[in-house]
file work-v5.csv (CSV, C-alpha atoms and all ligand atoms)
chain,number,residue,atom,x,y,z
A,643,MET,CA,-25.1,-89.5,8.9
A,644,ARG,CA,-22.4,-91.7,10.4
A,645,TYR,CA,-19.3,-93.1,8.8
A,646,THR,CA,-16.8,-95.8,9.4
A,647,THR,CA,-13.5,-96.1,7.5
A,648,ALA,CA,-11.1,-99.0,7.0
A,649,GLY,CA,-7.8,-99.2,5.2
A,650,GLU,CA,-4.1,-98.8,5.7
A,651,SER,CA,-2.0,-96.1,4.2
A,652,HIS,CA,-0.1,-98.6,1.9
A,653,GLY,CA,-2.8,-101.2,1.8
A,654,ARG,CA,-4.9,-102.1,-1.3
A,655,ALA,CA,-7.6,-99.5,-0.7
A,656,LEU,CA,-9.5,-97.2,1.7
A,657,VAL,CA,-13.1,-98.0,2.4
A,658,THR,CA,-15.9,-95.8,3.8
A,659,ILE,CA,-19.4,-96.9,4.8
A,660,VAL,CA,-21.8,-94.0,5.4
A,661,THR,CA,-25.1,-95.0,7.2
A,662,ASP,CA,-28.3,-93.0,7.9
A,663,VAL,CA,-28.1,-91.4,4.5
A,664,PRO,CA,-31.5,-89.9,3.4
A,665,ALA,CA,-33.0,-90.9,0.1
A,666,GLY,CA,-32.8,-88.5,-2.8
A,667,ILE,CA,-29.5,-86.7,-2.3
A,668,LEU,CA,-28.3,-85.6,-5.8
A,669,LEU,CA,-24.7,-86.7,-6.1
A,670,ASP,CA,-22.1,-85.8,-8.7
A,671,GLY,CA,-19.1,-88.1,-8.9
A,672,ALA,CA,-16.9,-85.4,-10.3
A,673,ARG,CA,-17.5,-83.3,-7.3
A,674,ILE,CA,-16.6,-86.1,-4.9
A,675,ASP,CA,-13.3,-86.6,-6.9
A,676,ALA,CA,-12.7,-82.9,-6.9
A,677,ASP,CA,-12.9,-82.8,-3.1
A,678,LEU,CA,-10.4,-85.7,-3.0
A,679,ALA,CA,-8.1,-83.8,-5.3
A,680,ARG,CA,-8.4,-80.7,-3.1
A,681,ARG,CA,-7.3,-82.8,-0.1
A,682,GLN,CA,-4.4,-84.2,-2.1
A,683,GLY,CA,-3.2,-80.8,-3.3
A,684,GLY,CA,-1.5,-78.0,-1.5
A,685,TYR,CA,2.0,-76.6,-1.4
A,686,GLY,CA,4.1,-78.6,1.0
A,687,ARG,CA,2.7,-82.0,0.4
A,688,GLY,CA,5.1,-85.0,0.0
A,689,GLY,CA,5.9,-87.3,-2.9
A,690,ARG,CA,3.2,-89.8,-1.9
A,691,MET,CA,0.4,-87.4,-2.9
A,692,LYS,CA,2.0,-87.1,-6.4
A,693,ILE,CA,1.7,-90.9,-6.8
A,694,GLU,CA,-2.0,-91.1,-5.8
A,695,THR,CA,-4.8,-89.6,-7.9
A,696,ASP,CA,-7.7,-90.4,-5.7
A,697,ARG,CA,-11.0,-91.5,-7.3
A,698,ALA,CA,-14.0,-92.7,-5.3
A,699,THR,CA,-15.9,-95.8,-6.5
A,700,ILE,CA,-19.4,-96.1,-5.1
A,701,LEU,CA,-20.4,-99.7,-4.4
A,702,SER,CA,-23.8,-99.2,-2.9
A,703,GLY,CA,-26.6,-96.9,-1.9
A,704,VAL,CA,-26.8,-94.8,-5.1
A,705,ARG,CA,-28.8,-95.3,-8.3
A,706,PHE,CA,-28.7,-93.0,-11.3
A,707,GLY,CA,-27.0,-90.2,-9.3
A,708,ARG,CA,-29.2,-90.2,-6.3
A,709,THR,CA,-29.0,-91.8,-2.9
A,710,ILE,CA,-31.7,-94.4,-2.2
A,711,GLY,CA,-31.7,-94.3,1.6
A,712,THR,CA,-29.4,-97.3,2.1
A,713,PRO,CA,-25.8,-97.3,3.4
A,714,VAL,CA,-23.4,-95.9,0.9
A,715,ALA,CA,-20.1,-97.7,0.6
A,716,LEU,CA,-17.2,-96.1,-1.2
A,717,THR,CA,-13.6,-97.3,-2.0
A,718,ILE,CA,-10.6,-95.3,-2.9
A,719,GLY,CA,-7.7,-97.4,-4.3
A,720,ASN,CA,-4.1,-96.9,-3.2
A,721,ARG,CA,-2.0,-96.8,-6.4
A,722,ASP,CA,1.1,-97.2,-4.2
A,723,TRP,CA,-0.2,-100.6,-3.1
A,724,ASP,CA,1.7,-102.2,-6.1
A,725,ASN,CA,5.0,-101.2,-4.4
A,726,TRP,CA,3.9,-102.6,-1.0
A,727,THR,CA,2.4,-106.0,-1.7
A,728,ASP,CA,5.2,-107.8,0.2
A,729,VAL,CA,5.4,-105.5,3.2
A,730,MET,CA,1.6,-105.1,3.5
A,731,SER,CA,0.7,-108.7,2.6
A,732,VAL,CA,-2.5,-110.1,4.2
A,733,TRP,CA,-0.9,-113.6,4.4
A,734,GLY,CA,2.6,-115.1,4.8
A,735,ASP,CA,5.5,-114.0,7.0
A,736,PRO,CA,6.6,-110.4,7.9
A,737,VAL,CA,9.4,-108.9,5.9
A,738,GLU,CA,11.9,-108.5,8.8
A,739,SER,CA,14.1,-105.9,6.9
A,740,ALA,CA,11.1,-103.7,6.5
A,741,ARG,CA,10.2,-103.5,10.2
A,742,VAL,CA,10.1,-100.0,11.6
A,743,THR,CA,11.7,-99.8,15.1
A,744,ALA,CA,12.4,-96.1,15.7
A,745,PRO,CA,9.2,-94.4,16.8
A,746,ARG,CA,8.7,-90.8,15.7
A,747,PRO,CA,8.1,-88.2,18.4
A,748,GLY,CA,4.7,-86.5,17.8
A,749,HIS,CA,3.2,-89.5,16.0
A,750,ALA,CA,1.1,-92.4,17.2
A,751,ASP,CA,4.2,-94.8,16.9
A,752,LEU,CA,5.4,-95.2,20.5
A,753,ALA,CA,2.0,-95.1,22.4
A,754,GLY,CA,0.7,-97.4,19.6
A,755,ILE,CA,3.2,-100.2,20.1
A,756,GLN,CA,3.0,-99.9,23.8
A,757,LYS,CA,-0.8,-100.2,23.6
A,758,THR,CA,-0.9,-103.2,21.2
A,759,GLY,CA,2.3,-105.1,22.0
A,760,SER,CA,3.4,-104.9,18.3
A,761,ARG,CA,7.1,-105.1,17.5
A,762,ASP,CA,6.7,-103.2,14.3
A,763,VAL,CA,5.8,-99.6,14.3
A,764,ARG,CA,4.3,-100.0,10.9
A,765,ASP,CA,1.4,-101.8,12.4
A,766,ILE,CA,0.5,-98.5,14.0
A,767,LEU,CA,1.6,-95.9,11.5
A,768,GLU,CA,-0.2,-97.5,8.5
A,769,ARG,CA,-3.5,-96.6,10.1
A,770,ALA,CA,-2.5,-93.5,12.1
A,771,SER,CA,-1.3,-92.0,8.8
A,772,ALA,CA,-3.6,-89.2,7.5
A,773,ARG,CA,-4.1,-91.1,4.3
A,774,GLU,CA,-7.2,-92.3,6.1
A,775,THR,CA,-8.6,-88.8,5.8
A,776,ALA,CA,-9.2,-89.3,2.1
A,777,ALA,CA,-12.0,-91.7,3.1
A,778,ARG,CA,-13.4,-89.1,5.4
A,779,VAL,CA,-13.5,-86.6,2.5
A,780,ALA,CA,-15.5,-89.1,0.4
A,781,ALA,CA,-18.0,-89.4,3.3
A,782,GLY,CA,-18.1,-85.7,3.8
A,783,ALA,CA,-19.0,-85.2,0.1
A,784,LEU,CA,-22.4,-86.9,0.9
A,785,GLY,CA,-22.9,-84.4,3.8
A,786,LYS,CA,-22.0,-81.5,1.5
A,787,ALA,CA,-24.3,-82.7,-1.2
A,788,LEU,CA,-27.3,-82.9,1.3
A,789,LEU,CA,-26.4,-79.4,2.6
A,790,ARG,CA,-26.2,-78.1,-0.9
A,791,GLU,CA,-29.8,-79.2,-1.6
A,792,LEU,CA,-30.8,-77.3,1.6
A,793,GLY,CA,-29.1,-74.1,0.5
A,794,VAL,CA,-26.0,-74.5,2.7
A,795,SER,CA,-22.4,-74.1,1.4
A,796,VAL,CA,-19.2,-75.1,3.2
A,797,SER,CA,-15.8,-73.6,2.4
A,798,SER,CA,-12.4,-73.1,4.1
A,799,TYR,CA,-9.2,-71.1,3.9
A,800,VAL,CA,-5.8,-71.1,5.6
A,801,SER,CA,-5.0,-68.1,7.8
A,802,ARG,CA,-1.6,-69.1,9.1
A,803,ILE,CA,1.3,-71.4,8.1
A,804,GLY,CA,4.1,-71.3,10.7
A,805,ASP,CA,4.7,-67.7,11.6
A,806,VAL,CA,3.2,-66.3,8.4
A,807,ALA,CA,-0.4,-65.2,9.0
A,808,LEU,CA,-3.2,-63.1,7.6
A,809,ASP,CA,-3.7,-59.8,9.3
A,810,PRO,CA,-5.6,-60.5,12.5
A,811,ALA,CA,-8.2,-57.9,11.4
A,812,PHE,CA,-8.9,-59.9,8.2
A,813,ASP,CA,-12.7,-60.0,7.8
A,814,VAL,CA,-13.9,-63.6,7.5
A,815,SER,CA,-17.1,-62.4,5.8
A,816,GLN,CA,-15.0,-60.9,2.9
A,817,VAL,CA,-13.2,-64.1,1.9
A,818,ASP,CA,-12.9,-64.5,-1.9
A,819,VAL,CA,-13.7,-68.2,-2.3
A,820,ALA,CA,-12.4,-68.3,-5.9
A,821,ALA,CA,-9.1,-66.8,-4.8
A,822,VAL,CA,-8.8,-69.5,-2.1
A,823,GLU,CA,-9.6,-72.3,-4.5
A,824,ALA,CA,-6.9,-70.9,-7.0
A,825,SER,CA,-4.3,-70.8,-4.2
A,826,ASP,CA,-2.1,-73.8,-3.5
A,827,VAL,CA,-1.9,-72.8,0.2
A,828,ARG,CA,-5.7,-71.9,0.3
A,829,CYS,CA,-4.9,-68.4,1.3
A,830,PRO,CA,-7.1,-65.6,0.0
A,831,ASP,CA,-4.3,-63.0,0.1
A,832,GLU,CA,-1.7,-63.7,-2.6
A,833,THR,CA,1.0,-61.5,-0.8
A,834,VAL,CA,0.6,-63.6,2.3
A,835,ALA,CA,0.4,-66.8,0.3
A,836,SER,CA,3.7,-66.2,-1.4
A,837,ARG,CA,5.3,-65.7,2.1
A,838,MET,CA,3.7,-69.0,3.2
A,839,ARG,CA,5.2,-70.8,0.3
A,840,ALA,CA,8.6,-69.4,1.1
A,841,ALA,CA,8.2,-70.5,4.7
A,842,ILE,CA,7.4,-74.0,3.5
A,843,ASP,CA,10.4,-74.0,1.2
A,844,ASP,CA,12.7,-72.9,4.1
A,845,ALA,CA,11.2,-75.6,6.3
A,846,ARG,CA,11.8,-78.3,3.6
A,847,ASP,CA,15.4,-77.1,3.1
A,848,ALA,CA,16.0,-77.4,6.9
A,849,GLY,CA,14.5,-80.8,7.2
A,850,GLU,CA,11.7,-79.2,9.2
A,851,SER,CA,7.9,-79.2,9.1
A,852,LEU,CA,5.2,-76.6,9.7
A,853,GLY,CA,1.7,-76.4,11.2
A,854,GLY,CA,-0.8,-73.6,11.0
A,855,VAL,CA,-4.4,-72.4,11.3
A,856,PHE,CA,-7.3,-72.9,9.0
A,857,VAL,CA,-10.9,-71.6,9.0
A,858,VAL,CA,-14.0,-73.4,7.9
A,859,THR,CA,-17.0,-71.2,7.2
A,860,VAL,CA,-20.6,-72.4,6.5
A,861,SER,CA,-23.2,-70.0,5.1
A,862,GLY,CA,-27.0,-70.5,4.5
A,863,LEU,CA,-27.6,-72.2,7.9
A,864,VAL,CA,-31.0,-71.8,9.6
A,865,PRO,CA,-31.1,-70.9,13.3
A,866,GLY,CA,-31.9,-73.6,15.8
A,867,LEU,CA,-29.8,-76.6,14.6
A,868,GLY,CA,-28.3,-78.5,17.6
A,869,SER,CA,-29.7,-77.9,21.1
A,870,TYR,CA,-29.2,-76.1,24.4
A,871,ALA,CA,-31.0,-78.9,26.2
A,872,GLN,CA,-28.5,-81.7,26.4
A,873,ALA,CA,-24.7,-81.7,26.6
A,874,ASP,CA,-24.2,-84.2,23.8
A,875,ARG,CA,-26.7,-82.3,21.5
A,876,ARG,CA,-24.8,-79.0,21.7
A,877,LEU,CA,-23.4,-78.2,18.3
A,878,ASP,CA,-20.3,-76.6,19.6
A,879,ALA,CA,-19.4,-79.9,21.3
A,880,ARG,CA,-20.2,-82.0,18.2
A,881,LEU,CA,-18.4,-79.8,15.8
A,882,GLY,CA,-15.4,-79.5,18.2
A,883,ALA,CA,-15.1,-83.3,18.5
A,884,ALA,CA,-15.4,-83.8,14.7
A,885,VAL,CA,-12.7,-81.3,13.9
A,886,LEU,CA,-10.4,-82.5,16.8
A,887,SER,CA,-10.8,-86.1,15.4
A,888,ILE,CA,-8.6,-85.0,12.5
A,889,PRO,CA,-4.9,-86.1,13.1
A,890,ALA,CA,-2.7,-83.2,14.2
A,891,ILE,CA,-5.5,-80.8,15.0
A,892,LYS,CA,-4.8,-79.5,18.5
A,893,GLY,CA,-7.2,-76.6,19.0
A,894,VAL,CA,-10.6,-75.5,17.8
A,895,GLU,CA,-12.4,-72.2,18.4
A,896,PHE,CA,-15.7,-70.8,17.2
A,897,GLY,CA,-16.0,-67.2,16.1
A,898,ASP,CA,-13.6,-65.0,18.1
A,899,GLY,CA,-13.0,-68.0,20.4
A,900,PHE,CA,-10.1,-67.5,22.8
A,901,ALA,CA,-10.0,-63.7,22.1
A,902,LEU,CA,-13.5,-63.4,23.6
A,903,ALA,CA,-12.0,-64.4,27.0
A,904,GLY,CA,-10.2,-61.1,27.1
A,905,THR,CA,-13.1,-59.0,25.7
A,906,ALA,CA,-15.7,-57.0,27.7
A,907,GLY,CA,-19.2,-58.6,27.4
A,908,SER,CA,-20.6,-55.6,25.7
A,909,LEU,CA,-18.0,-56.0,22.9
A,910,ALA,CA,-18.0,-59.8,22.8
A,911,HIS,CA,-21.7,-60.4,22.0
A,912,ASP,CA,-23.6,-59.7,18.9
A,913,ALA,CA,-26.4,-57.2,19.4
A,914,ILE,CA,-29.8,-58.1,18.0
A,915,ARG,CA,-32.1,-55.9,15.9
A,916,TYR,CA,-35.1,-56.5,13.8
A,917,GLU,CA,-35.6,-55.4,10.2
A,918,ALA,CA,-38.9,-55.8,8.4
A,919,GLY,CA,-38.4,-58.3,5.5
A,920,LEU,CA,-35.1,-59.6,6.9
A,921,GLY,CA,-36.1,-60.6,10.4
A,922,TYR,CA,-33.6,-60.7,13.2
A,923,VAL,CA,-30.3,-59.2,12.2
A,924,ARG,CA,-26.7,-59.1,13.8
A,925,ASP,CA,-24.2,-56.6,12.6
A,926,THR,CA,-21.3,-58.5,14.1
A,927,ASN,CA,-20.6,-62.3,14.3
A,928,HIS,CA,-18.2,-62.6,17.3
A,929,ALA,CA,-20.0,-65.9,18.2
A,930,GLY,CA,-19.2,-67.5,14.9
A,931,GLY,CA,-22.8,-68.5,14.3
A,932,LEU,CA,-23.3,-70.5,17.5
A,933,GLU,CA,-25.2,-69.5,20.6
A,934,GLY,CA,-26.5,-71.9,23.3
A,935,GLY,CA,-25.2,-75.0,21.4
A,936,MET,CA,-27.3,-74.0,18.4
A,937,THR,CA,-26.8,-72.3,15.1
A,938,ASN,CA,-28.1,-68.7,15.3
A,939,GLY,CA,-28.5,-68.1,11.5
A,940,GLU,CA,-25.2,-66.3,11.1
A,941,THR,CA,-22.2,-67.8,9.2
A,942,LEU,CA,-20.6,-70.6,11.1
A,943,VAL,CA,-16.9,-69.8,11.7
A,944,VAL,CA,-14.7,-72.7,12.9
A,945,ARG,CA,-11.0,-72.1,13.3
A,946,ALA,CA,-8.5,-74.9,14.0
A,947,ALA,CA,-4.8,-75.1,14.9
A,948,MET,CA,-2.7,-77.9,13.3
A,949,LYS,CA,0.6,-78.8,14.9
A,950,PRO,CA,3.7,-79.3,12.7
A,951,ILE,CA,4.0,-82.6,10.8
A,952,PRO,CA,5.8,-85.1,13.1
A,953,THR,CA,7.9,-86.9,10.5
A,954,LEU,CA,11.1,-84.8,10.1
A,955,MET,CA,13.8,-85.3,7.5
A,956,THR,CA,16.2,-84.0,10.2
A,957,PRO,CA,14.8,-86.4,12.8
A,958,LEU,CA,14.4,-85.9,16.5
A,959,ALA,CA,16.0,-88.3,19.0
A,960,SER,CA,14.3,-91.6,19.5
A,961,VAL,CA,15.0,-95.1,20.9
A,962,ASP,CA,15.3,-98.4,19.0
A,963,ILE,CA,12.5,-100.6,20.4
A,964,ASP,CA,14.6,-103.8,20.2
A,965,SER,CA,17.9,-102.6,21.7
A,966,HIS,CA,16.8,-99.4,23.5
A,967,ASP,CA,19.8,-97.7,22.0
A,968,ALA,CA,19.5,-94.0,21.1
A,969,VAL,CA,18.7,-93.6,17.4
A,970,ASP,CA,17.2,-91.0,15.0
A,971,ALA,CA,13.4,-91.3,14.6
A,972,SER,CA,12.3,-93.1,11.5
A,973,ARG,CA,11.5,-91.3,8.3
A,974,GLU,CA,8.6,-92.0,6.0
A,975,ARG,CA,7.9,-90.2,2.8
A,976,SER,CA,6.2,-87.2,4.3
A,977,ASP,CA,4.5,-83.8,3.9
A,978,VAL,CA,6.3,-80.7,5.1
A,979,CYS,CA,3.1,-78.9,5.6
A,980,ALA,CA,-0.5,-80.2,5.3
A,981,VAL,CA,-2.6,-77.3,6.6
A,982,PRO,CA,-4.4,-76.7,3.3
A,983,ALA,CA,-5.3,-80.4,3.1
A,984,ALA,CA,-6.4,-80.5,6.7
A,985,ALA,CA,-8.8,-77.6,5.9
A,986,VAL,CA,-10.5,-79.7,3.3
A,987,VAL,CA,-10.8,-82.7,5.7
A,988,ALA,CA,-12.3,-80.3,8.2
A,989,GLU,CA,-14.9,-79.2,5.6
A,990,ALA,CA,-16.0,-82.8,5.4
A,991,GLU,CA,-16.2,-83.3,9.2
A,992,VAL,CA,-18.2,-80.1,9.6
A,993,ALA,CA,-20.5,-81.0,6.8
A,994,LEU,CA,-21.3,-84.4,8.3
A,995,VAL,CA,-22.2,-82.9,11.7
A,996,LEU,CA,-24.4,-80.2,10.1
A,997,ALA,CA,-26.1,-82.6,7.7
A,998,THR,CA,-26.9,-84.8,10.7
A,999,ALA,CA,-28.2,-81.7,12.6
A,1000,TYR,CA,-30.5,-80.9,9.6
A,1001,MET,CA,-31.8,-84.5,9.6
A,1002,GLU,CA,-32.6,-84.3,13.3
A,1003,LYS,CA,-34.6,-81.1,12.9
A,1004,PHE,CA,-36.3,-81.7,9.6
A,1005,GLY,CA,-36.7,-85.5,9.3
A,1006,GLY,CA,-33.9,-87.7,8.2
A,1007,ASP,CA,-34.9,-90.3,5.7
A,1008,ALA,CA,-35.9,-88.4,2.5
A,1009,VAL,CA,-34.7,-85.2,1.1
A,1010,CYS,CA,-38.1,-84.3,-0.4
A,1011,ASP,CA,-39.7,-84.3,3.1
A,1012,MET,CA,-36.8,-82.4,4.6
A,1013,LYS,CA,-37.2,-79.7,2.0
A,1014,VAL,CA,-40.9,-79.4,2.8
A,1015,ALA,CA,-40.2,-79.2,6.6
A,1016,LEU,CA,-37.4,-76.7,6.0
A,1017,ALA,CA,-39.7,-74.5,4.0
A,1018,ALA,CA,-42.4,-74.6,6.7
A,1019,TYR,CA,-39.8,-73.7,9.3
A,1020,ALA,CA,-38.4,-70.8,7.2
A,1021,ASP,CA,-42.0,-69.6,6.7
A,1022,ARG,CA,-42.7,-69.7,10.5
A,1023,LEU,CA,-39.5,-67.8,11.2
A,1024,SER,CA,-40.5,-65.1,8.7
A,1025,THR,CA,-43.8,-64.3,10.4
A,1101,LIG,C1,-4.0,-84.0,5.8
A,1101,LIG,C2,-3.0,-84.5,6.7
A,1101,LIG,C3,-1.7,-84.9,6.3
A,1101,LIG,C4,-0.7,-85.3,7.1
A,1101,LIG,N1,0.5,-85.7,6.6
A,1101,LIG,C5,1.4,-86.2,7.5
A,1101,LIG,C6,2.7,-86.7,7.0
A,1101,LIG,O1,2.9,-86.7,5.7
A,1101,LIG,N2,3.6,-87.1,7.8
A,1101,LIG,C7,3.3,-87.1,9.2
A,1101,LIG,O2,4.2,-87.5,10.0
A,1101,LIG,N3,2.2,-86.7,9.7
A,1101,LIG,C8,1.2,-86.2,8.9
A,1101,LIG,N4,0.0,-85.8,9.4
A,1101,LIG,C9,-0.1,-85.7,10.8
A,1101,LIG,C10,-0.2,-87.1,11.5
A,1101,LIG,O3,-1.2,-87.9,10.9
A,1101,LIG,C11,-0.6,-86.9,13.0
A,1101,LIG,O4,0.3,-86.0,13.6
A,1101,LIG,C12,-0.4,-88.3,13.7
A,1101,LIG,O5,-1.4,-89.2,13.2
A,1101,LIG,C13,-0.5,-88.2,15.2
A,1101,LIG,O6,-1.7,-87.7,15.7
A,1101,LIG,P1,-1.8,-86.4,16.5
A,1101,LIG,O7,-0.9,-85.4,15.8
A,1101,LIG,O8,-3.2,-86.0,16.5
A,1101,LIG,O9,-1.3,-86.7,17.9
A,1101,LIG,C14,-1.0,-85.3,8.5
A,1101,LIG,C15,-2.2,-84.9,9.0
A,1101,LIG,C16,-3.2,-84.5,8.1
A,1101,LIG,C17,-4.5,-84.0,8.7
call {"tool": "encode", "arguments": {"input": "work-v5.csv", "output": "structure tokens"}}
result
Amino acid sequence: MRYTTAGESHGRALVTIVTDVPAGILLDGARIDADLARRQGGYGRGGRMKIETDRATILSGVRFGRTIGTPVALTIGNRDWDNWTDVMSVWGDPVESARVTAPRPGHADLAGIQKTGSRDVRDILERASARETAARVAAGALGKALLRELGVSVSSYVSRIGDVALDPAFDVSQVDVAAVEASDVRCPDETVASRMRAAIDDARDAGESLGGVFVVTVSGLVPGLGSYAQADRRLDARLGAAVLSIPAIKGVEFGDGFALAGTAGSLAHDAIRYEAGLGYVRDTNHAGGLEGGMTNGETLVVRAAMKPIPTLMTPLASVDIDSHDAVDASRERSDVCAVPAAAVVAEAEVALVLATAYMEKFGGDAVCDMKVALAAYADRLST
């Protein structure tokens, strides 16, 4: 499953086209919109997200609630567009007074105008803005729906915001998904969650921003998705690229990740035993569900680090691109912290990679055939 998105942050709408979609995926429009709402929510989001109530409109590829094997096109309207019709007009002359000339450190602004020759940072920021990730969440909902049919579920939680973190000994396998979904910082421990909210409040009061760490987990995966045989088939690489494609994500690890580098081999790897009726069993999951570029049948654990939001209400130093005078970096309406939202975007990215890996292994054009092939595979593994 591949997707392309189009659309500017304050343009008329976002558009996603998802191709290579198997026929027969059962979709639920309410679930797609629920994921869009999960991305919009979260403590620390800015005023913009209060304006938008994202709804996906499906234009093609679906009849009577099921995909028909053709490209799926979706749009999400930008309600804020009504306030931006002059500045974002397709035709006519630019509004000179609305030009943005003070690039923000940490954003795409400066490198973007250098790359394109534009004299208006808005030409860059409108697309570099993470508003685009709403379109990815809509695409990811298709991947999630396919995975659901194959017995796989994707979830996420936040383990750190700024310097407030869950206990490092927190057991990923014990996450209470309902508690996470009820938390506006997506943190399973309410005591830590309230400290996270306080940290976000302090950051907002100081004109600051915060980053953090989130974890995506996927259960119900069969072993053998991905491949050890070619570099670009390794699932680690594909998942890593997908998660790193999310704006502001600067590090990804699988399982115990970086900590494994300082751990003796005998403690780093997950011993294998066999239990009649269950098959191969691991009592630990340091590998995070990946060995040799493939799933190994354990829960996939992907952890990612998000840097602090670049737009600061107490701005860093910048330079006016016309005069080259020292100025404060520009300010846009902005989030103080978007780690919970980024976790939802990462669910979508991970789901699309895994859905594609299932299609590669079990045939990719019809869900009914995939289910038959998957059942035969499970049968073979159990004997
Ligand atoms: C869900 C989400 C929301 C974000 N919201 C903002 C925001 O409100 N303001 C901002 O300056 N950056 C925001 N960012 C981060 C920028 O999009 C990102 O830092 C920028 O595009 C530069 O890319 P880079 O950080 O990967 O270098 C957000 C990122 C995500 C994933």
call {"tool": "residues_near_ligand", "arguments": {"input": "work-v5.csv", "ligand": "ligand LIG 1101 (chain A)", "cutoff": "10 Å", "atoms": "all atoms listed in the file", "output": "PyMOL selection string"}}
result
chain A and resi 681-684+686-691+746-751+766-776+851+853+886-892+948-954+972-988
call {"tool": "atom_distance", "arguments": {"input": "work-v5.csv", "atom1": "atom CA of Gly897 of chain A", "atom2": "atom CA of Val944 of chain A"}}
result
6.5 Å
call {"tool": "atom_distance", "arguments": {"input": "work-v5.csv", "atom1": "atom CA of Arg839 of chain A", "atom2": "atom CA of Ser825 of chain A"}}
result
10.5 Å
call {"tool": "residues_around", "arguments": {"input": "work-v5.csv", "residues": "Ile667 of chain A", "least_positions_apart": "5", "cutoff": "6 Å", "atoms": "only C-alpha atoms", "output": "MDAnalysis selection string"}}
result
chainID A and resid 708:709 788
call {"tool": "atom_distance", "arguments": {"input": "work-v5.csv", "atom1": "atom CA of Val969 of chain A", "atom2": "atom CA of Val763 of chain A"}}
result
14.6 Å
call {"tool": "closest_residue", "arguments": {"input": "work-v5.csv", "among": "A:Arg802, A:Gly866, A:Asp844, A:Leu932", "to": "Ala947 of chain A", "atoms": "all atoms listed in the file"}}
result
A:Arg802
call {"tool": "closest_residue", "arguments": {"input": "work-v5.csv", "among": "A:Leu942, A:Ala906, A:Ala824, A:Ile803", "to": "Met838 of chain A", "atoms": "all atoms listed in the file"}}
result
A:Ile803
call {"tool": "residues_around", "arguments": {"input": "work-v5.csv", "residues": "Val822 of chain A", "least_positions_apart": "2", "cutoff": "12 Å", "atoms": "all atoms listed in the file", "output": "PyMOL selection string"}}
result
chain A and resi 680+684+797-801+816-820+824-832+834-835+856-858+982+985-986
call {"tool": "residues_around", "arguments": {"input": "work-v5.csv", "residues": "Glu991 of chain A", "least_positions_apart": "2", "cutoff": "9 Å", "atoms": "all atoms listed in the file", "output": "list in words"}}
result
Arg778, Val779, Ala781, Gly782, Gly785, Leu881, Ala884, Val885, Ser887, Ile888, Val986, Val987, Ala988, Glu989, Ala993, Leu994, Val995 and Leu996 of chain A
call {"tool": "write_last_selection", "arguments": {"input": "work-v5.csv", "atoms": "C-alpha atoms", "output": "mmCIF file, in the coordinates of the input"}}
result
data_model
loop_
_atom_site.group_PDB
_atom_site.id
_atom_site.type_symbol
_atom_site.label_atom_id
_atom_site.label_comp_id
_atom_site.auth_asym_id
_atom_site.auth_seq_id
_atom_site.Cartn_x
_atom_site.Cartn_y
_atom_site.Cartn_z
ATOM 1 C CA ARG A 778 -13.400 -89.100 5.400
ATOM 2 C CA VAL A 779 -13.500 -86.600 2.500
ATOM 3 C CA ALA A 781 -18.000 -89.400 3.300
ATOM 4 C CA GLY A 782 -18.100 -85.700 3.800
ATOM 5 C CA GLY A 785 -22.900 -84.400 3.800
ATOM 6 C CA LEU A 881 -18.400 -79.800 15.800
ATOM 7 C CA ALA A 884 -15.400 -83.800 14.700
ATOM 8 C CA VAL A 885 -12.700 -81.300 13.900
ATOM 9 C CA SER A 887 -10.800 -86.100 15.400
ATOM 10 C CA ILE A 888 -8.600 -85.000 12.500
ATOM 11 C CA VAL A 986 -10.500 -79.700 3.300
ATOM 12 C CA VAL A 987 -10.800 -82.700 5.700
ATOM 13 C CA ALA A 988 -12.300 -80.300 8.200
ATOM 14 C CA GLU A 989 -14.900 -79.200 5.600
ATOM 15 C CA ALA A 993 -20.500 -81.000 6.800
ATOM 16 C CA LEU A 994 -21.300 -84.400 8.300
ATOM 17 C CA VAL A 995 -22.200 -82.900 11.700
ATOM 18 C CA LEU A 996 -24.400 -80.200 10.100
#
call {"tool": "closest_residue", "arguments": {"input": "work-v5.csv", "among": "A:Gly919, A:Pro713, A:Gly868, A:Gly882", "to": "Gly935 of chain A", "atoms": "only C-alpha atoms"}}
result
A:Gly868
call {"tool": "residues_near_point", "arguments": {"input": "work-v5.csv", "point": "(-16.9, -81.6, -5.8)", "cutoff": "12 Å", "atoms": "only C-alpha atoms", "output": "ChimeraX atom specification"}}
result
/A:669-681,697-698,779-780,782-787,790,795-797,823,986,989-990
call {"tool": "closest_residue", "arguments": {"input": "work-v5.csv", "among": "A:Gly854, A:Gly649, A:Gly711, A:Gly934", "to": "Asp662 of chain A", "atoms": "all atoms listed in the file"}}
result
A:Gly711
call {"tool": "closest_residue", "arguments": {"input": "work-v5.csv", "among": "A:Ala777, A:Val1014, A:Val860, A:Leu752", "to": "Ile659 of chain A", "atoms": "only C-alpha atoms"}}
result
A:Ala777
call {"tool": "residues_around", "arguments": {"input": "work-v5.csv", "residues": "Thr717 of chain A", "least_positions_apart": "3", "cutoff": "6 Å", "atoms": "all atoms listed in the file", "output": "list in words"}}
result
Leu656, Val657, Ala698 and Thr699 of chain A
call {"tool": "residues_around", "arguments": {"input": "work-v5.csv", "residues": "Ala740 of chain A", "least_positions_apart": "3", "cutoff": "10 Å", "atoms": "only C-alpha atoms", "output": "ChimeraX atom specification"}}
result
/A:728-729,736-737,743,762,764
call {"tool": "closest_residue", "arguments": {"input": "work-v5.csv", "among": "A:Ala959, A:Met936, A:Ile700, A:Met1012", "to": "Ala873 of chain A", "atoms": "all atoms listed in the file"}}
result
A:Met936
